[in-house]
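Colleague: My structure is below; once you've seen it, I'll send some questions.
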Amino acid sequence: MTADGTPLFTSGGESDDEGWTLDGFVITSGTEVGDYAHYYIASNRTYESFDRYLKTGPYNFGWASTRPDWVEHFPYATGLLVSYWDTSQRDNNTSQHPGQGLILPIDAHPTARISPDGTPWRSRIQVYDAPFSTKKAPSFHLHLDGRKSHIKAEKPQPLFDDSREYLDPRLPGAGVDVPDTGTQIRVLKEKGTSMTIRIQPG
């Protein structure tokens, strides 16, 4: 700290706290090692109760230049939504740390979907078929500034396997960098609000 070019106080903080109250900060050599809990959370998402809004809630501004206030709705698919909970992260700001966050949904179909202008659709649309399921997600049409585009459902993906990649570099904000623990969760049967799965631990 200087005043008019004259040093008033100098503190490096490398040896001790020098009278500072650290309040969440620590003196470090530049490398920190710690233990953090990591979890997979699996939930059966159906169009029941609160989740009924998955069918009609998601929306897209499809006519930006001609009708900027108009939206079109599309459904999020049902099935087993697997999320990765990483307590070493403080937030879900994937623009700052792509593929990493406190709790992020894992997309069963992580390959980026391309919009009519040649760029990937935004994450909100990309993850519409994120759940793992034995059933095919719905297909529908969306618009990009009035230009109609068909969003075609991909083949159902019933198996979550964390030895696979769930991060497409073209759309890092929608992907998850999962640890390779050998964990597998397979959807065996879906009927109404019931689901049968098999879990193989790592």
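Every chain in the structure tokens takes a letter, A first, then B, and so on in the order presented; its residues are numbered from 1, and the ligands are numbered from 1 following the presented order.
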Would you pick out the contacts of Pro116 (chain A) at 9 Å or less, using only C-alpha atoms, so that residues sharing its chain but fewer than 3 positions from it are not included, and give the list as number ranges by chain?
Modeller: A: 119-121, 143-144, 147-149
Colleague: Keeping N, CA and C atoms for every residue in the selection just given, could you write it to a file as an mmCIF file, in the first residue's frame?
Modeller:
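File written: again25.cif
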data_model
loop_
_atom_site.group_PDB
_atom_site.id
_atom_site.type_symbol
_atom_site.label_atom_id
_atom_site.label_comp_id
_atom_site.auth_asym_id
_atom_site.auth_seq_id
_atom_site.Cartn_x
_atom_site.Cartn_y
_atom_site.Cartn_z
ATOM 1 N N THR A 119 -24.877 -22.913 -36.680
ATOM 2 C CA THR A 119 -24.323 -22.918 -35.324
ATOM 3 C C THR A 119 -25.169 -23.830 -34.442
ATOM 4 N N PRO A 120 -24.612 -24.279 -33.319
ATOM 5 C CA PRO A 120 -25.401 -25.146 -32.440
ATOM 6 C C PRO A 120 -26.594 -24.400 -31.835
ATOM 7 N N TRP A 121 -27.699 -25.120 -31.681
ATOM 8 C CA TRP A 121 -28.824 -24.567 -30.935
ATOM 9 C C TRP A 121 -28.356 -24.260 -29.518
ATOM 10 N N HIS A 143 -38.251 -22.587 -34.833
ATOM 11 C CA HIS A 143 -37.883 -21.555 -35.799
ATOM 12 C C HIS A 143 -36.657 -20.782 -35.325
ATOM 13 N N LEU A 144 -35.855 -20.370 -36.252
ATOM 14 C CA LEU A 144 -34.732 -19.479 -35.985
ATOM 15 C C LEU A 144 -34.927 -18.248 -36.853
ATOM 16 N N ARG A 147 -37.223 -18.977 -39.692
ATOM 17 C CA ARG A 147 -36.854 -20.116 -40.529
ATOM 18 C C ARG A 147 -37.151 -21.417 -39.784
ATOM 19 N N LYS A 148 -37.999 -22.235 -40.369
ATOM 20 C CA LYS A 148 -38.452 -23.470 -39.719
ATOM 21 C C LYS A 148 -37.375 -24.546 -39.768
ATOM 22 N N SER A 149 -37.229 -25.250 -38.647
ATOM 23 C CA SER A 149 -36.233 -26.314 -38.577
ATOM 24 C C SER A 149 -36.825 -27.504 -37.837
#
Colleague: Give me the residues within 7 Å of Trp63 (chain A) as number ranges by chain, counting only C-alpha atoms and dropping any in the same chain fewer than 2 places off.
Modeller: A: 61, 65-68, 70, 143-146
Colleague: Name the residues in contact with region 188-199 of chain A at a cut-off of 10 Å, using only C-alpha atoms, excluding same-chain residues fewer than 3 positions from it; report them as an mmCIF file with N, CA and C atoms, in the first residue's frame.
Modeller:
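Output below, filename out08.cif:
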data_model
loop_
_atom_site.group_PDB
_atom_site.id
_atom_site.type_symbol
_atom_site.label_atom_id
_atom_site.label_comp_id
_atom_site.auth_asym_id
_atom_site.auth_seq_id
_atom_site.Cartn_x
_atom_site.Cartn_y
_atom_site.Cartn_z
ATOM 1 N N SER A 43 -33.003 -39.217 -11.324
ATOM 2 C CA SER A 43 -34.417 -38.986 -11.030
ATOM 3 C C SER A 43 -35.275 -39.338 -12.240
ATOM 4 N N ASN A 44 -36.405 -39.959 -11.949
ATOM 5 C CA ASN A 44 -37.344 -40.349 -12.997
ATOM 6 C C ASN A 44 -38.234 -39.157 -13.317
ATOM 7 N N ARG A 45 -38.062 -38.588 -14.496
ATOM 8 C CA ARG A 45 -38.841 -37.410 -14.881
ATOM 9 C C ARG A 45 -40.011 -37.835 -15.748
ATOM 10 N N THR A 46 -41.220 -37.525 -15.289
ATOM 11 C CA THR A 46 -42.443 -37.833 -16.023
ATOM 12 C C THR A 46 -43.297 -36.568 -16.080
ATOM 13 N N TYR A 47 -44.366 -36.601 -16.840
ATOM 14 C CA TYR A 47 -45.248 -35.444 -16.935
ATOM 15 C C TYR A 47 -46.308 -35.474 -15.835
ATOM 16 N N GLU A 48 -45.879 -35.712 -14.620
ATOM 17 C CA GLU A 48 -46.784 -35.774 -13.477
ATOM 18 C C GLU A 48 -46.412 -34.696 -12.473
ATOM 19 N N THR A 78 -39.145 -37.241 -21.255
ATOM 20 C CA THR A 78 -39.204 -37.950 -19.982
ATOM 21 C C THR A 78 -38.117 -39.020 -19.948
ATOM 22 N N GLY A 79 -37.897 -39.572 -18.756
ATOM 23 C CA GLY A 79 -36.895 -40.614 -18.602
ATOM 24 C C GLY A 79 -36.057 -40.389 -17.356
ATOM 25 N N LEU A 80 -34.912 -41.023 -17.307
ATOM 26 C CA LEU A 80 -34.024 -40.947 -16.142
ATOM 27 C C LEU A 80 -33.016 -39.816 -16.352
ATOM 28 N N SER A 133 -33.319 -43.231 -21.509
ATOM 29 C CA SER A 133 -34.643 -43.853 -21.633
ATOM 30 C C SER A 133 -34.606 -44.978 -22.658
ATOM 31 N N THR A 134 -35.589 -45.862 -22.539
ATOM 32 C CA THR A 134 -35.793 -46.902 -23.543
ATOM 33 C C THR A 134 -36.711 -46.394 -24.654
ATOM 34 N N LYS A 135 -37.287 -45.202 -24.434
ATOM 35 C CA LYS A 135 -38.249 -44.649 -25.382
ATOM 36 C C LYS A 135 -37.653 -43.465 -26.142
ATOM 37 N N PRO A 158 -30.615 -45.833 -23.321
ATOM 38 C CA PRO A 158 -30.992 -46.281 -21.979
ATOM 39 C C PRO A 158 -29.820 -46.395 -21.001
ATOM 40 N N LEU A 159 -28.584 -46.290 -21.479
ATOM 41 C CA LEU A 159 -27.421 -46.548 -20.616
ATOM 42 C C LEU A 159 -26.610 -45.292 -20.353
ATOM 43 N N PHE A 160 -26.460 -44.945 -19.066
ATOM 44 C CA PHE A 160 -25.470 -43.951 -18.660
ATOM 45 C C PHE A 160 -24.205 -44.698 -18.273
ATOM 46 N N THR A 183 -18.949 -46.294 -13.362
ATOM 47 C CA THR A 183 -20.354 -46.328 -12.961
ATOM 48 C C THR A 183 -21.262 -46.417 -14.180
ATOM 49 N N GLN A 184 -22.213 -47.321 -14.101
ATOM 50 C CA GLN A 184 -23.213 -47.473 -15.154
ATOM 51 C C GLN A 184 -24.607 -47.524 -14.528
ATOM 52 N N ILE A 185 -25.536 -46.838 -15.165
ATOM 53 C CA ILE A 185 -26.945 -46.901 -14.763
ATOM 54 C C ILE A 185 -27.743 -47.192 -16.030
ATOM 55 N N GLY A 202 -18.744 -48.291 -9.718
ATOM 56 C CA GLY A 202 -17.360 -48.277 -10.197
ATOM 57 C C GLY A 202 -16.446 -48.977 -9.209
#
Colleague: I'd like to know which residues of region 29-119 of chain A are strand (DSSP E or B) (by DSSP, run on the backbone); could you write them as a compact mmCIF listing (two decimals) with C-alpha atoms, in the first residue's frame?
Modeller:
# COMPACT_ATOMS: atom_id res chain seq x y z
CA HIS A 38 -18.95 -36.38 -5.82
CA TYR A 39 -22.36 -37.90 -6.52
CA TYR A 40 -24.62 -38.97 -9.32
CA ILE A 41 -28.26 -38.11 -8.75
CA ALA A 42 -30.77 -40.04 -10.85
CA SER A 43 -34.42 -38.99 -11.03
CA ASN A 44 -37.34 -40.35 -13.00
CA ARG A 45 -38.84 -37.41 -14.88
CA TYR A 59 -39.82 -22.10 -25.06
CA ASN A 60 -37.89 -20.56 -27.92
CA GLU A 72 -43.03 -21.30 -29.37
CA HIS A 73 -43.14 -24.10 -26.84
CA GLY A 79 -36.89 -40.61 -18.60
CA LEU A 80 -34.02 -40.95 -16.14
CA LEU A 81 -32.26 -37.63 -15.69
CA VAL A 82 -28.75 -38.20 -14.33
CA SER A 83 -26.97 -35.21 -12.79
CA TYR A 84 -23.38 -34.92 -11.58
CA TRP A 85 -22.97 -33.22 -8.20
CA ASP A 86 -19.40 -32.04 -7.67
CA ILE A 103 -24.69 -29.84 -10.09
CA LEU A 104 -25.14 -30.33 -13.82
CA PRO A 105 -27.59 -32.50 -15.79
CA ILE A 114 -27.09 -27.64 -35.45
Colleague: Find the residues around Ala112 (chain A) up to 10 Å (only C-alpha atoms counted), leave out those fewer than 5 positions away in its own chain, and share them as a compact mmCIF listing (two decimals) with N, CA and C atoms, in the first residue's frame.
Modeller:
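Full text of part-v7.txt as output:
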# COMPACT_ATOMS: atom_id res chain seq x y z
N THR A 119 -24.88 -22.91 -36.68
CA THR A 119 -24.32 -22.92 -35.32
C THR A 119 -25.17 -23.83 -34.44
N PRO A 120 -24.61 -24.28 -33.32
CA PRO A 120 -25.40 -25.15 -32.44
C PRO A 120 -26.59 -24.40 -31.83
N TRP A 121 -27.70 -25.12 -31.68
CA TRP A 121 -28.82 -24.57 -30.93
C TRP A 121 -28.36 -24.26 -29.52
N ARG A 122 -29.02 -23.32 -28.87
CA ARG A 122 -28.65 -22.97 -27.50
C ARG A 122 -28.88 -24.16 -26.58
N SER A 123 -28.26 -24.11 -25.41
CA SER A 123 -28.30 -25.23 -24.47
C SER A 123 -29.71 -25.62 -24.08
N ILE A 125 -32.30 -25.86 -25.77
CA ILE A 125 -32.85 -26.77 -26.77
C ILE A 125 -32.03 -28.05 -26.85
N GLN A 126 -30.73 -27.90 -26.78
CA GLN A 126 -29.83 -29.04 -26.88
C GLN A 126 -30.18 -30.14 -25.87
N VAL A 127 -30.55 -29.76 -24.65
CA VAL A 127 -30.76 -30.76 -23.59
C VAL A 127 -32.20 -31.24 -23.49
N LEU A 167 -19.51 -34.43 -23.28
CA LEU A 167 -19.15 -33.03 -23.51
C LEU A 167 -18.74 -32.85 -24.96
N ASP A 168 -19.54 -32.10 -25.71
CA ASP A 168 -19.21 -31.76 -27.10
C ASP A 168 -18.51 -30.41 -27.09
N PRO A 169 -17.27 -30.32 -27.58
CA PRO A 169 -16.53 -29.04 -27.53
C PRO A 169 -17.22 -27.90 -28.27
N ARG A 170 -18.15 -28.22 -29.18
CA ARG A 170 -18.88 -27.17 -29.88
C ARG A 170 -19.93 -26.50 -29.00
N LEU A 171 -20.29 -27.15 -27.91
CA LEU A 171 -21.31 -26.62 -27.02
C LEU A 171 -20.91 -26.93 -25.57
N PRO A 172 -19.81 -26.34 -25.11
CA PRO A 172 -19.28 -26.68 -23.78
C PRO A 172 -20.21 -26.33 -22.64
N ALA A 174 -23.28 -26.93 -22.35
CA ALA A 174 -24.34 -27.92 -22.15
C ALA A 174 -23.79 -29.29 -21.76
N GLY A 175 -22.50 -29.47 -21.79
CA GLY A 175 -21.92 -30.77 -21.51
C GLY A 175 -21.37 -30.88 -20.11
Colleague: Step one, run DSSP on the backbone; step two, keep only residues of chain A assigned to alpha helix (DSSP H); then write them as a PyMOL selection string.
Modeller: chain A and resi 123-126
Colleague: Quick one: everything within 8 Å of Gly101 (chain A), counting only C-alpha atoms, minus sequence neighbours fewer than 6 positions away in the same chain. Send it as a tab-separated table (two decimals) with C-alpha atoms, in the first residue's frame.
Modeller:
chain	number	residue	atom	x	y	z
A	85	TRP	CA	-22.97	-33.22	-8.20
A	86	ASP	CA	-19.40	-32.04	-7.67
A	89	GLN	CA	-17.38	-26.43	-7.51
A	90	ARG	CA	-19.20	-23.38	-6.12
A	91	ASP	CA	-21.57	-22.68	-9.01
A	92	ASN	CA	-22.85	-23.86	-12.39
A	93	ASN	CA	-21.22	-21.10	-14.44
A	94	THR	CA	-20.02	-23.32	-17.30
Colleague: Nearest to Lys155 (chain A) among A:Ala108, A:Ser49, A:Asp177, A:Ser95, with distances taken over only C-alpha atoms: which residue is it?
Modeller: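 Among A:Ala108, A:Ser49, A:Asp177, A:Ser95, it is A:Ala108 that comes nearest to Lys155 (chain A).
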Colleague: I'd like the interatomic distance between CA of Gly62 (chain A) and CA of Pro98 (chain A), to a tenth of an Å.
Modeller: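 Value for the CA of Gly62 (chain A)-CA of Pro98 (chain A) distance: 26.6 Å.
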Colleague: Select, from A:Val178, A:Leu8, A:Ile106, A:Ala37, the residue with the minimum atom-to-atom distance to Ala130 (chain A), counting only C-alpha atoms.
Modeller: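 Looking only at the distances to Ala130 (chain A), the closest residue turns out to be A:Ile106.
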Colleague: CA of Asp180 (chain A) and CA of Thr31 (chain A), how far apart in Å?
Modeller: 23.2 Å
Colleague: Using only C-alpha atoms, which of the listed residues (A:Asp23, A:Asp161, A:Asp35, A:Asp51) sits closest to Arg186 (chain A)?
Modeller: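 With only C-alpha atoms as the atom set, the closest residue is A:Asp161.
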Colleague: Nearest to Leu102 (chain A): which of A:Thr2, A:Val33, A:Gly173, A:Thr87 is it, counting only C-alpha atoms?
Modeller: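 Closest to Leu102 (chain A), using only C-alpha atoms: A:Thr87.
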Colleague: Smallest atom-to-atom distance to Tyr76 (chain A): which of A:Gly24, A:Pro7, A:Gly99, A:Pro58, using only C-alpha atoms?
Modeller: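 Closest to Tyr76 (chain A), using only C-alpha atoms: A:Pro58.
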